[in-house]
Amino acid sequence: MHHSDLPPLDVHAHIAADVSTKQLDQLNDAVVFAMTRSVNEARYTLRPHAATSKRVVWALGSHPGVPRTIEQFDGDAFELSIADFAIIGEIGLDRRGDPNAQNAMFGRILAAASGQPVLLSVHSTGRCAAVLDEIERAPHPGIILHWFNGTARDIARAIDLDCYFSVNAAMNHAHLQQIPKDRVLTETDFPASRSRTRATRPGDTNAIEDILSEQYNADARLLVWRNLHTIAHRTGAEEKLPLLVRDLIAGSVIAE
């Protein structure tokens, strides 16, 4: 069962930066936060003739799993770009590659984001505890841990650090059950692991919504929109979101 007035919410998916407006229109009514892998890719989405959609929120990324991104990372350039985005992502740490270079990049990004009205979508594959160490050094009220596969202790620590979690249908159900319902958001991570996330396109959150609705005995779609309201409002990122998305957030709060 879905709250009929609200569209699907996908806070972490991948869409090519050179997508056409016609392709974006095929996402139907879903609201999608589209991650990028580098500052150059993120800035490409801002060019005058870029494809646009009122429902797609482009993120400013610097992906730890892309060696070229780490080699070319310029902390000052990243910091200057933050004003143009409501969300930073995909950022974080990864088990592949040079851990020291990744830590330096992630630490610089967290420092740049300090006090800024943004959300942050954070990758932690194979380095969950290390990601939390960095967040503990530079806390931010907009942290959303994407596909977080940490231990029960890691999840408890992340909750203490005031993090949110974006989850998908490929995740371990035992992990999902440790996440409080007021900290959960839906994602597809499309096109990663399509067979496991059961997402056919960005914004196809049906499978994870069914799991969460059963887990929390609640309307998952309404729940995640209300959670987005809380984190977007407390960070100030709400003011930087497209007007349609802001209206949907406001509508979720007054929905019965």
# chains A, B, ... in the order shown; residues from 1 in each chain; ligands from 1
call {"tool": "residues_around", "arguments": {"residues": "Val122 of chain A", "least_positions_apart": "5", "cutoff": "10 Å", "atoms": "only C-alpha atoms", "output": "CSV table (one decimal) with all heavy atoms, in the first residue's frame"}}
result
chain,number,residue,atom,x,y,z
A,12,HIS,N,19.3,7.7,-4.0
A,12,HIS,CA,20.6,7.4,-4.5
A,12,HIS,C,20.5,6.5,-5.7
A,12,HIS,O,20.3,5.3,-5.6
A,12,HIS,CB,21.5,6.7,-3.4
A,12,HIS,CG,22.9,6.5,-3.8
A,12,HIS,ND1,23.9,7.1,-3.2
A,12,HIS,CD2,23.5,5.6,-4.7
A,12,HIS,CE1,25.1,6.8,-3.7
A,12,HIS,NE2,24.8,5.8,-4.6
A,61,GLY,N,29.5,14.9,-6.8
A,61,GLY,CA,30.2,13.7,-6.4
A,61,GLY,C,31.7,13.7,-6.5
A,61,GLY,O,32.3,14.6,-7.2
A,63,HIS,N,33.7,10.2,-6.2
A,63,HIS,CA,33.5,8.8,-5.8
A,63,HIS,C,34.9,8.1,-5.4
A,63,HIS,O,35.8,8.2,-6.2
A,63,HIS,CB,32.9,8.0,-7.0
A,63,HIS,CG,32.3,6.7,-6.6
A,63,HIS,ND1,33.0,5.7,-6.0
A,63,HIS,CD2,31.0,6.2,-6.7
A,63,HIS,CE1,32.3,4.6,-5.7
A,63,HIS,NE2,31.0,4.9,-6.2
A,64,PRO,N,34.9,7.5,-4.2
A,64,PRO,CA,36.2,6.9,-3.7
A,64,PRO,C,36.6,5.7,-4.5
A,64,PRO,O,37.8,5.3,-4.4
A,64,PRO,CB,35.9,6.6,-2.3
A,64,PRO,CG,34.4,6.3,-2.3
A,64,PRO,CD,33.8,7.3,-3.3
A,88,ILE,N,25.5,16.3,-1.9
A,88,ILE,CA,26.8,15.9,-2.2
A,88,ILE,C,26.8,14.4,-2.3
A,88,ILE,O,26.4,13.7,-1.4
A,88,ILE,CB,27.8,16.4,-1.2
A,88,ILE,CG1,27.9,17.9,-1.2
A,88,ILE,CG2,29.2,15.8,-1.4
A,88,ILE,CD1,28.7,18.5,0.0
A,89,GLY,N,27.3,13.8,-3.4
A,89,GLY,CA,27.3,12.4,-3.5
A,89,GLY,C,27.7,11.9,-4.9
A,89,GLY,O,27.4,12.6,-5.9
A,90,GLU,N,28.3,10.9,-5.2
A,90,GLU,CA,28.6,9.9,-4.1
A,90,GLU,C,30.0,10.2,-3.6
A,90,GLU,O,30.9,10.4,-4.4
A,90,GLU,CB,28.5,8.5,-4.8
A,90,GLU,CG,28.7,7.3,-3.9
A,90,GLU,CD,28.3,6.0,-4.6
A,90,GLU,OE1,27.8,6.1,-5.8
A,90,GLU,OE2,28.4,5.0,-4.0
A,91,ILE,N,30.1,10.1,-2.3
A,91,ILE,CA,31.4,10.4,-1.7
A,91,ILE,C,31.6,9.3,-0.6
A,91,ILE,O,30.7,8.5,-0.4
A,91,ILE,CB,31.4,11.7,-1.0
A,91,ILE,CG1,30.3,11.9,0.0
A,91,ILE,CG2,31.4,12.9,-2.0
A,91,ILE,CD1,30.4,13.0,1.0
A,92,GLY,N,32.8,9.2,0.0
A,92,GLY,CA,33.0,8.2,1.1
A,92,GLY,C,34.3,7.5,1.0
A,92,GLY,O,35.3,8.1,0.5
A,93,LEU,N,34.3,6.2,1.4
A,93,LEU,CA,35.5,5.4,1.3
A,93,LEU,C,35.1,4.0,0.7
A,93,LEU,O,34.0,3.6,0.8
A,93,LEU,CB,36.0,5.2,2.8
A,93,LEU,CG,36.4,6.4,3.6
A,93,LEU,CD1,36.8,6.1,5.0
A,93,LEU,CD2,37.5,7.2,2.9
A,106,PHE,N,37.9,12.4,1.4
A,106,PHE,CA,36.6,12.4,2.2
A,106,PHE,C,36.7,13.4,3.3
A,106,PHE,O,35.8,14.2,3.6
A,106,PHE,CB,36.4,11.0,2.7
A,106,PHE,CG,35.0,10.8,3.4
A,106,PHE,CD1,33.9,11.5,2.9
A,106,PHE,CD2,34.9,10.0,4.5
A,106,PHE,CE1,32.6,11.3,3.5
A,106,PHE,CE2,33.6,9.8,5.1
A,106,PHE,CZ,32.5,10.5,4.6
A,131,VAL,N,34.6,5.0,7.7
A,131,VAL,CA,33.7,6.1,7.3
A,131,VAL,C,33.1,6.8,8.6
A,131,VAL,O,33.1,8.0,8.7
A,131,VAL,CB,32.5,5.6,6.4
A,131,VAL,CG1,31.3,6.5,6.4
A,131,VAL,CG2,33.0,5.4,5.0
A,143,ILE,N,24.1,13.7,6.8
A,143,ILE,CA,24.7,12.4,6.4
A,143,ILE,C,23.6,11.4,6.1
A,143,ILE,O,22.8,11.0,7.0
A,143,ILE,CB,25.7,11.9,7.4
A,143,ILE,CG1,26.8,12.9,7.7
A,143,ILE,CG2,26.3,10.5,6.9
A,143,ILE,CD1,27.9,12.9,6.7
A,144,ILE,N,23.6,10.8,4.9
A,144,ILE,CA,22.8,9.6,4.6
A,144,ILE,C,23.8,8.5,4.1
A,144,ILE,O,24.5,8.6,3.1
A,144,ILE,CB,21.9,9.9,3.4
A,144,ILE,CG1,21.0,11.1,3.7
A,144,ILE,CG2,21.0,8.7,3.1
A,144,ILE,CD1,20.2,11.7,2.5
A,145,LEU,N,23.8,7.5,4.9
A,145,LEU,CA,24.7,6.3,4.6
A,145,LEU,C,24.0,5.5,3.6
A,145,LEU,O,23.0,4.9,3.9
A,145,LEU,CB,25.0,5.5,5.9
A,145,LEU,CG,25.8,6.3,7.0
A,145,LEU,CD1,25.8,5.5,8.3
A,145,LEU,CD2,27.2,6.7,6.5
A,146,HIS,N,24.6,5.4,2.4
A,146,HIS,CA,24.0,4.6,1.3
A,146,HIS,C,24.5,3.2,1.4
A,146,HIS,O,25.6,2.8,1.5
A,146,HIS,CB,24.5,5.3,0.0
A,146,HIS,CG,24.9,4.4,-1.1
A,146,HIS,ND1,24.0,3.6,-1.8
A,146,HIS,CD2,26.1,4.2,-1.7
A,146,HIS,CE1,24.7,3.0,-2.7
A,146,HIS,NE2,25.9,3.3,-2.7
A,147,TRP,N,23.5,2.2,1.3
A,147,TRP,CA,23.7,0.8,1.3
A,147,TRP,C,24.8,0.4,2.4
A,147,TRP,O,25.8,-0.2,2.1
A,147,TRP,CB,24.2,0.4,-0.1
A,147,TRP,CG,24.0,-1.1,-0.4
A,147,TRP,CD1,24.1,-2.1,0.4
A,147,TRP,CD2,23.8,-1.7,-1.7
A,147,TRP,NE1,23.9,-3.3,-0.2
A,147,TRP,CE2,23.7,-3.1,-1.5
A,147,TRP,CE3,23.6,-1.2,-3.0
A,147,TRP,CZ2,23.5,-4.0,-2.6
A,147,TRP,CZ3,23.4,-2.0,-4.0
A,147,TRP,CH2,23.4,-3.4,-3.9
A,148,PHE,N,24.5,0.8,3.6
A,148,PHE,CA,25.4,0.6,4.7
A,148,PHE,C,25.4,-0.8,5.2
A,148,PHE,O,24.3,-1.3,5.7
A,148,PHE,CB,25.1,1.6,5.8
A,148,PHE,CG,26.1,1.7,6.9
A,148,PHE,CD1,27.3,2.3,6.7
A,148,PHE,CD2,25.9,1.1,8.2
A,148,PHE,CE1,28.3,2.4,7.7
A,148,PHE,CE2,26.8,1.2,9.2
A,148,PHE,CZ,28.0,1.9,9.0
A,165,PHE,N,19.9,6.5,6.8
A,165,PHE,CA,20.3,5.4,6.0
A,165,PHE,C,19.5,5.3,4.7
A,165,PHE,O,18.2,5.3,4.9
A,165,PHE,CB,20.2,4.1,6.8
A,165,PHE,CG,20.9,4.0,8.1
A,165,PHE,CD1,20.4,4.6,9.2
A,165,PHE,CD2,22.1,3.3,8.2
A,165,PHE,CE1,21.1,4.6,10.4
A,165,PHE,CE2,22.8,3.3,9.4
A,165,PHE,CZ,22.3,3.9,10.5
A,166,SER,N,20.1,5.2,3.6
A,166,SER,CA,19.3,4.9,2.4
A,166,SER,C,19.4,3.4,2.0
A,166,SER,O,20.5,2.9,2.0
A,166,SER,CB,19.6,5.8,1.2
A,166,SER,OG,21.0,5.7,0.8
call {"tool": "residues_around", "arguments": {"residues": "segment 183-200 of chain A", "least_positions_apart": "4", "cutoff": "10 Å", "atoms": "only C-alpha atoms", "output": "VMD selection string"}}
result
chain A and resid 8 to 15 32 to 35 144 to 147 159 162 to 171 176 179 204 to 209 212 220 to 221 223 to 228 230 to 231
call {"tool": "select_by_dssp", "arguments": {"residues": "segment 49-126 of chain A", "states": "alpha helix (DSSP H)", "output": "mmCIF file with all heavy atoms, in the first residue's frame"}}
result
data_model
loop_
_atom_site.group_PDB
_atom_site.id
_atom_site.type_symbol
_atom_site.label_atom_id
_atom_site.label_comp_id
_atom_site.auth_asym_id
_atom_site.auth_seq_id
_atom_site.Cartn_x
_atom_site.Cartn_y
_atom_site.Cartn_z
ATOM 1 N N PRO A 67 39.623 5.695 -9.336
ATOM 2 C CA PRO A 67 40.990 6.201 -9.143
ATOM 3 C C PRO A 67 41.243 7.567 -9.774
ATOM 4 O O PRO A 67 41.885 8.430 -9.177
ATOM 5 C CB PRO A 67 41.860 5.114 -9.788
ATOM 6 C CG PRO A 67 41.043 3.867 -9.702
ATOM 7 C CD PRO A 67 39.622 4.307 -9.841
ATOM 8 N N ARG A 68 40.700 7.782 -10.972
ATOM 9 C CA ARG A 68 40.900 9.052 -11.675
ATOM 10 C C ARG A 68 40.316 10.223 -10.870
ATOM 11 O O ARG A 68 40.889 11.324 -10.849
ATOM 12 C CB ARG A 68 40.240 8.952 -13.054
ATOM 13 C CG ARG A 68 40.531 10.104 -13.981
ATOM 14 C CD ARG A 68 39.880 9.803 -15.335
ATOM 15 N NE ARG A 68 39.847 10.991 -16.193
ATOM 16 C CZ ARG A 68 40.829 11.371 -16.971
ATOM 17 N NH1 ARG A 68 41.960 10.685 -16.997
ATOM 18 N NH2 ARG A 68 40.704 12.441 -17.739
ATOM 19 N N THR A 69 39.183 9.992 -10.234
ATOM 20 C CA THR A 69 38.552 11.039 -9.413
ATOM 21 C C THR A 69 39.473 11.434 -8.254
ATOM 22 O O THR A 69 39.644 12.620 -7.955
ATOM 23 C CB THR A 69 37.190 10.552 -8.873
ATOM 24 O OG1 THR A 69 36.281 10.435 -9.970
ATOM 25 C CG2 THR A 69 36.611 11.514 -7.848
ATOM 26 N N ILE A 70 40.082 10.429 -7.630
ATOM 27 C CA ILE A 70 40.972 10.705 -6.494
ATOM 28 C C ILE A 70 42.222 11.461 -6.977
ATOM 29 O O ILE A 70 42.638 12.440 -6.363
ATOM 30 C CB ILE A 70 41.352 9.402 -5.771
ATOM 31 C CG1 ILE A 70 40.094 8.750 -5.192
ATOM 32 C CG2 ILE A 70 42.361 9.669 -4.661
ATOM 33 C CD1 ILE A 70 40.303 7.343 -4.661
ATOM 34 N N GLU A 71 42.781 11.007 -8.113
ATOM 35 C CA GLU A 71 43.983 11.663 -8.661
ATOM 36 C C GLU A 71 43.724 13.134 -8.983
ATOM 37 O O GLU A 71 44.587 13.994 -8.785
ATOM 38 C CB GLU A 71 44.407 10.974 -9.978
ATOM 39 C CG GLU A 71 45.064 9.621 -9.803
ATOM 40 C CD GLU A 71 45.054 8.822 -11.108
ATOM 41 O OE1 GLU A 71 44.967 9.445 -12.189
ATOM 42 O OE2 GLU A 71 45.106 7.582 -11.038
ATOM 43 N N GLN A 72 42.531 13.425 -9.494
ATOM 44 C CA GLN A 72 42.235 14.780 -9.974
ATOM 45 C C GLN A 72 41.541 15.636 -8.918
ATOM 46 O O GLN A 72 41.216 16.793 -9.181
ATOM 47 C CB GLN A 72 41.344 14.697 -11.224
ATOM 48 C CG GLN A 72 42.029 14.022 -12.392
ATOM 49 C CD GLN A 72 41.154 13.992 -13.640
ATOM 50 O OE1 GLN A 72 39.936 14.153 -13.556
ATOM 51 N NE2 GLN A 72 41.767 13.776 -14.787
ATOM 52 N N GLY A 75 40.293 20.042 -3.685
ATOM 53 C CA GLY A 75 39.414 20.404 -2.575
ATOM 54 C C GLY A 75 38.810 21.786 -2.710
ATOM 55 O O GLY A 75 37.631 21.996 -2.381
ATOM 56 N N ASP A 76 39.599 22.742 -3.215
ATOM 57 C CA ASP A 76 39.080 24.101 -3.374
ATOM 58 C C ASP A 76 37.980 24.148 -4.436
ATOM 59 O O ASP A 76 36.954 24.804 -4.252
ATOM 60 C CB ASP A 76 40.204 25.067 -3.738
ATOM 61 C CG ASP A 76 41.207 25.231 -2.600
ATOM 62 O OD1 ASP A 76 40.842 24.938 -1.447
ATOM 63 O OD2 ASP A 76 42.355 25.634 -2.866
ATOM 64 N N ALA A 77 38.189 23.449 -5.550
ATOM 65 C CA ALA A 77 37.179 23.411 -6.620
ATOM 66 C C ALA A 77 35.901 22.751 -6.117
ATOM 67 O O ALA A 77 34.789 23.192 -6.426
ATOM 68 C CB ALA A 77 37.724 22.665 -7.834
ATOM 69 N N PHE A 78 36.074 21.685 -5.330
ATOM 70 C CA PHE A 78 34.903 21.010 -4.772
ATOM 71 C C PHE A 78 34.133 21.973 -3.866
ATOM 72 O O PHE A 78 32.912 22.120 -3.977
ATOM 73 C CB PHE A 78 35.330 19.763 -3.977
ATOM 74 C CG PHE A 78 34.190 18.853 -3.636
ATOM 75 C CD1 PHE A 78 33.907 17.745 -4.422
ATOM 76 C CD2 PHE A 78 33.365 19.107 -2.547
ATOM 77 C CE1 PHE A 78 32.832 16.903 -4.126
ATOM 78 C CE2 PHE A 78 32.293 18.291 -2.240
ATOM 79 C CZ PHE A 78 32.028 17.184 -3.036
ATOM 80 N N GLU A 79 34.867 22.642 -2.993
ATOM 81 C CA GLU A 79 34.229 23.557 -2.041
ATOM 82 C C GLU A 79 33.464 24.668 -2.762
ATOM 83 O O GLU A 79 32.345 25.012 -2.371
ATOM 84 C CB GLU A 79 35.293 24.150 -1.112
ATOM 85 C CG GLU A 79 34.723 24.969 0.016
ATOM 86 C CD GLU A 79 35.720 25.187 1.149
ATOM 87 O OE1 GLU A 79 36.886 24.748 1.044
ATOM 88 O OE2 GLU A 79 35.309 25.785 2.162
ATOM 89 N N LEU A 80 34.038 25.199 -3.826
ATOM 90 C CA LEU A 80 33.386 26.270 -4.578
ATOM 91 C C LEU A 80 32.105 25.802 -5.273
ATOM 92 O O LEU A 80 31.207 26.603 -5.531
ATOM 93 C CB LEU A 80 34.349 26.852 -5.624
ATOM 94 C CG LEU A 80 35.472 27.727 -5.069
ATOM 95 C CD1 LEU A 80 36.498 28.023 -6.153
ATOM 96 C CD2 LEU A 80 34.913 29.027 -4.486
ATOM 97 N N SER A 81 32.030 24.505 -5.569
ATOM 98 C CA SER A 81 30.857 23.971 -6.276
ATOM 99 C C SER A 81 29.687 23.661 -5.347
ATOM 100 O O SER A 81 28.552 23.490 -5.817
ATOM 101 C CB SER A 81 31.245 22.702 -7.046
ATOM 102 O OG SER A 81 32.134 23.013 -8.100
ATOM 103 N N PRO A 99 43.781 3.721 0.585
ATOM 104 C CA PRO A 99 42.950 4.201 1.697
ATOM 105 C C PRO A 99 43.344 5.591 2.188
ATOM 106 O O PRO A 99 42.483 6.374 2.567
ATOM 107 C CB PRO A 99 43.144 3.142 2.790
ATOM 108 C CG PRO A 99 44.373 2.400 2.427
ATOM 109 C CD PRO A 99 44.510 2.489 0.934
ATOM 110 N N ASN A 100 44.652 5.895 2.156
ATOM 111 C CA ASN A 100 45.086 7.203 2.649
ATOM 112 C C ASN A 100 44.598 8.336 1.753
ATOM 113 O O ASN A 100 44.136 9.385 2.241
ATOM 114 C CB ASN A 100 46.613 7.244 2.784
ATOM 115 C CG ASN A 100 47.108 6.289 3.860
ATOM 116 O OD1 ASN A 100 46.428 6.080 4.871
ATOM 117 N ND2 ASN A 100 48.262 5.699 3.635
ATOM 118 N N ALA A 101 44.685 8.123 0.448
ATOM 119 C CA ALA A 101 44.219 9.148 -0.501
ATOM 120 C C ALA A 101 42.701 9.330 -0.373
ATOM 121 O O ALA A 101 42.192 10.455 -0.427
ATOM 122 C CB ALA A 101 44.587 8.750 -1.928
ATOM 123 N N GLN A 102 41.999 8.224 -0.179
ATOM 124 C CA GLN A 102 40.542 8.302 0.000
ATOM 125 C C GLN A 102 40.190 9.060 1.277
ATOM 126 O O GLN A 102 39.290 9.913 1.282
ATOM 127 C CB GLN A 102 39.934 6.904 0.066
ATOM 128 C CG GLN A 102 39.934 6.156 -1.245
ATOM 129 C CD GLN A 102 39.310 4.781 -1.096
ATOM 130 O OE1 GLN A 102 38.491 4.551 -0.208
ATOM 131 N NE2 GLN A 102 39.699 3.858 -1.956
ATOM 132 N N ASN A 103 40.894 8.723 2.360
ATOM 133 C CA ASN A 103 40.623 9.406 3.633
ATOM 134 C C ASN A 103 40.856 10.904 3.512
ATOM 135 O O ASN A 103 40.085 11.712 4.043
ATOM 136 C CB ASN A 103 41.522 8.849 4.750
ATOM 137 C CG ASN A 103 41.027 7.529 5.298
ATOM 138 O OD1 ASN A 103 40.377 6.778 4.597
ATOM 139 N ND2 ASN A 103 41.337 7.240 6.546
ATOM 140 N N ALA A 104 41.944 11.267 2.815
ATOM 141 C CA ALA A 104 42.260 12.685 2.639
ATOM 142 C C ALA A 104 41.145 13.385 1.854
ATOM 143 O O ALA A 104 40.715 14.488 2.216
ATOM 144 C CB ALA A 104 43.599 12.843 1.928
ATOM 145 N N MET A 105 40.664 12.735 0.792
ATOM 146 C CA MET A 105 39.608 13.324 -0.033
ATOM 147 C C MET A 105 38.301 13.453 0.754
ATOM 148 O O MET A 105 37.676 14.522 0.761
ATOM 149 C CB MET A 105 39.394 12.485 -1.300
ATOM 150 C CG MET A 105 38.325 13.033 -2.225
ATOM 151 S SD MET A 105 38.243 12.166 -3.834
ATOM 152 C CE MET A 105 37.336 10.670 -3.373
ATOM 153 N N PHE A 106 37.907 12.373 1.430
ATOM 154 C CA PHE A 106 36.650 12.385 2.183
ATOM 155 C C PHE A 106 36.720 13.405 3.325
ATOM 156 O O PHE A 106 35.769 14.165 3.563
ATOM 157 C CB PHE A 106 36.350 10.977 2.709
ATOM 158 C CG PHE A 106 35.004 10.818 3.377
ATOM 159 C CD1 PHE A 106 33.868 11.459 2.886
ATOM 160 C CD2 PHE A 106 34.873 9.996 4.490
ATOM 161 C CE1 PHE A 106 32.623 11.284 3.505
ATOM 162 C CE2 PHE A 106 33.640 9.821 5.104
ATOM 163 C CZ PHE A 106 32.511 10.468 4.616
ATOM 164 N N GLY A 107 37.849 13.459 4.008
ATOM 165 C CA GLY A 107 38.019 14.427 5.088
ATOM 166 C C GLY A 107 37.921 15.861 4.592
ATOM 167 O O GLY A 107 37.296 16.721 5.233
ATOM 168 N N ARG A 108 38.519 16.116 3.417
ATOM 169 C CA ARG A 108 38.466 17.467 2.839
ATOM 170 C C ARG A 108 37.027 17.826 2.456
ATOM 171 O O ARG A 108 36.585 18.968 2.640
ATOM 172 C CB ARG A 108 39.382 17.528 1.608
ATOM 173 C CG ARG A 108 39.397 18.870 0.888
ATOM 174 C CD ARG A 108 40.086 19.949 1.698
ATOM 175 N NE ARG A 108 40.124 21.239 0.998
ATOM 176 C CZ ARG A 108 39.170 22.170 1.050
ATOM 177 N NH1 ARG A 108 38.076 21.959 1.778
ATOM 178 N NH2 ARG A 108 39.291 23.305 0.388
ATOM 179 N N ILE A 109 36.287 16.850 1.906
ATOM 180 C CA ILE A 109 34.888 17.094 1.523
ATOM 181 C C ILE A 109 34.042 17.385 2.749
ATOM 182 O O ILE A 109 33.227 18.323 2.760
ATOM 183 C CB ILE A 109 34.332 15.887 0.734
ATOM 184 C CG1 ILE A 109 34.988 15.817 -0.646
ATOM 185 C CG2 ILE A 109 32.812 15.976 0.601
ATOM 186 C CD1 ILE A 109 34.727 14.518 -1.392
ATOM 187 N N LEU A 110 34.230 16.606 3.810
ATOM 188 C CA LEU A 110 33.457 16.841 5.042
ATOM 189 C C LEU A 110 33.771 18.215 5.623
ATOM 190 O O LEU A 110 32.876 18.921 6.108
ATOM 191 C CB LEU A 110 33.731 15.742 6.068
ATOM 192 C CG LEU A 110 33.158 14.366 5.754
ATOM 193 C CD1 LEU A 110 33.644 13.339 6.780
ATOM 194 C CD2 LEU A 110 31.633 14.386 5.719
ATOM 195 N N ALA A 111 35.044 18.612 5.559
ATOM 196 C CA ALA A 111 35.425 19.938 6.056
ATOM 197 C C ALA A 111 34.759 21.032 5.213
ATOM 198 O O ALA A 111 34.246 22.018 5.750
ATOM 199 C CB ALA A 111 36.945 20.099 6.014
ATOM 200 N N ALA A 112 34.725 20.822 3.888
ATOM 201 C CA ALA A 112 34.108 21.804 2.995
ATOM 202 C C ALA A 112 32.598 21.899 3.218
ATOM 203 O O ALA A 112 32.003 22.965 3.070
ATOM 204 C CB ALA A 112 34.400 21.433 1.541
ATOM 205 N N ALA A 113 31.991 20.765 3.583
ATOM 206 C CA ALA A 113 30.533 20.720 3.776
ATOM 207 C C ALA A 113 30.099 21.258 5.138
ATOM 208 O O ALA A 113 28.909 21.509 5.356
ATOM 209 C CB ALA A 113 30.040 19.289 3.620
#
call {"tool": "residues_around", "arguments": {"residues": "Asp154 of chain A", "least_positions_apart": "4", "cutoff": "8 Å", "atoms": "only C-alpha atoms", "output": "ChimeraX atom specification"}}
result
/A:128-129,132,150,158
call {"tool": "write_last_selection", "arguments": {"atoms": "all heavy atoms", "output": "compact mmCIF listing (two decimals), in the first residue's frame"}}
result
# COMPACT_ATOMS: atom_id res chain seq x y z
N CYS A 128 33.20 0.49 6.58
CA CYS A 128 32.12 1.12 7.36
C CYS A 128 32.64 1.84 8.60
O CYS A 128 32.28 2.99 8.86
CB CYS A 128 31.08 0.08 7.76
SG CYS A 128 30.16 -0.58 6.34
N ALA A 129 33.48 1.18 9.38
CA ALA A 129 33.99 1.80 10.61
C ALA A 129 34.85 3.03 10.29
O ALA A 129 34.77 4.05 10.98
CB ALA A 129 34.78 0.79 11.43
N LEU A 132 32.72 6.01 9.54
CA LEU A 132 32.16 6.59 10.78
C LEU A 132 33.23 7.36 11.55
O LEU A 132 32.93 8.38 12.17
CB LEU A 132 31.53 5.50 11.64
CG LEU A 132 30.33 4.78 11.01
CD1 LEU A 132 29.80 3.70 11.95
CD2 LEU A 132 29.21 5.76 10.64
N GLY A 150 27.35 -2.27 7.60
CA GLY A 150 28.14 -2.41 8.81
C GLY A 150 27.54 -3.41 9.79
O GLY A 150 26.43 -3.90 9.60
N ALA A 158 26.42 4.69 14.08
CA ALA A 158 25.93 5.63 13.06
C ALA A 158 24.69 6.37 13.55
O ALA A 158 24.54 7.57 13.31
CB ALA A 158 25.64 4.89 11.76
call {"tool": "residues_around", "arguments": {"residues": "Gly251 of chain A", "least_positions_apart": "2", "cutoff": "12 Å", "atoms": "only C-alpha atoms", "output": "list in words"}}
result
His3, Ser4, Asp5, Leu6, Pro7, Leu222, Trp225, Arg226, Leu228, His229, Leu244, Val245, Arg246, Asp247, Leu248, Ile249, Val253, Ile254, Ala255 and Glu256 of chain A
call {"tool": "closest_residue", "arguments": {"among": "A:Ile87, A:Ala130, A:Val57, A:Leu27", "to": "Val118 of chain A", "atoms": "only C-alpha atoms"}}
result
A:Ile87
call {"tool": "atom_distance", "arguments": {"atom1": "atom CA of Trp58 of chain A", "atom2": "atom CA of Thr45 of chain A"}}
result
7.2 Å
call {"tool": "residues_around", "arguments": {"residues": "Ala50 of chain A", "least_positions_apart": "6", "cutoff": "8 Å", "atoms": "only C-alpha atoms", "output": "MDAnalysis selection string"}}
result
chainID A and resid 18 20 44
call {"tool": "closest_residue", "arguments": {"among": "A:Ala51, A:Leu161, A:Ile211, A:Leu119", "to": "Glu136 of chain A", "atoms": "only C-alpha atoms"}}
result
A:Leu161
call {"tool": "atom_distance", "arguments": {"atom1": "atom CA of Asp94 of chain A", "atom2": "atom CA of His123 of chain A"}}
result
7.1 Å
call {"tool": "closest_residue", "arguments": {"among": "A:Ile155, A:Gly65, A:Arg55, A:Ser213", "to": "Asp29 of chain A", "atoms": "only C-alpha atoms"}}
result
A:Arg55
call {"tool": "select_by_dssp", "arguments": {"residues": "segment 51-199 of chain A", "states": "strand (DSSP E or B)", "output": "count of residues only"}}
result
26
call {"tool": "residues_around", "arguments": {"residues": "Glu239 of chain A", "least_positions_apart": "5", "cutoff": "9 Å", "atoms": "only C-alpha atoms", "output": "PyMOL selection string"}}
result
chain A and resi 86+117+232-233+246
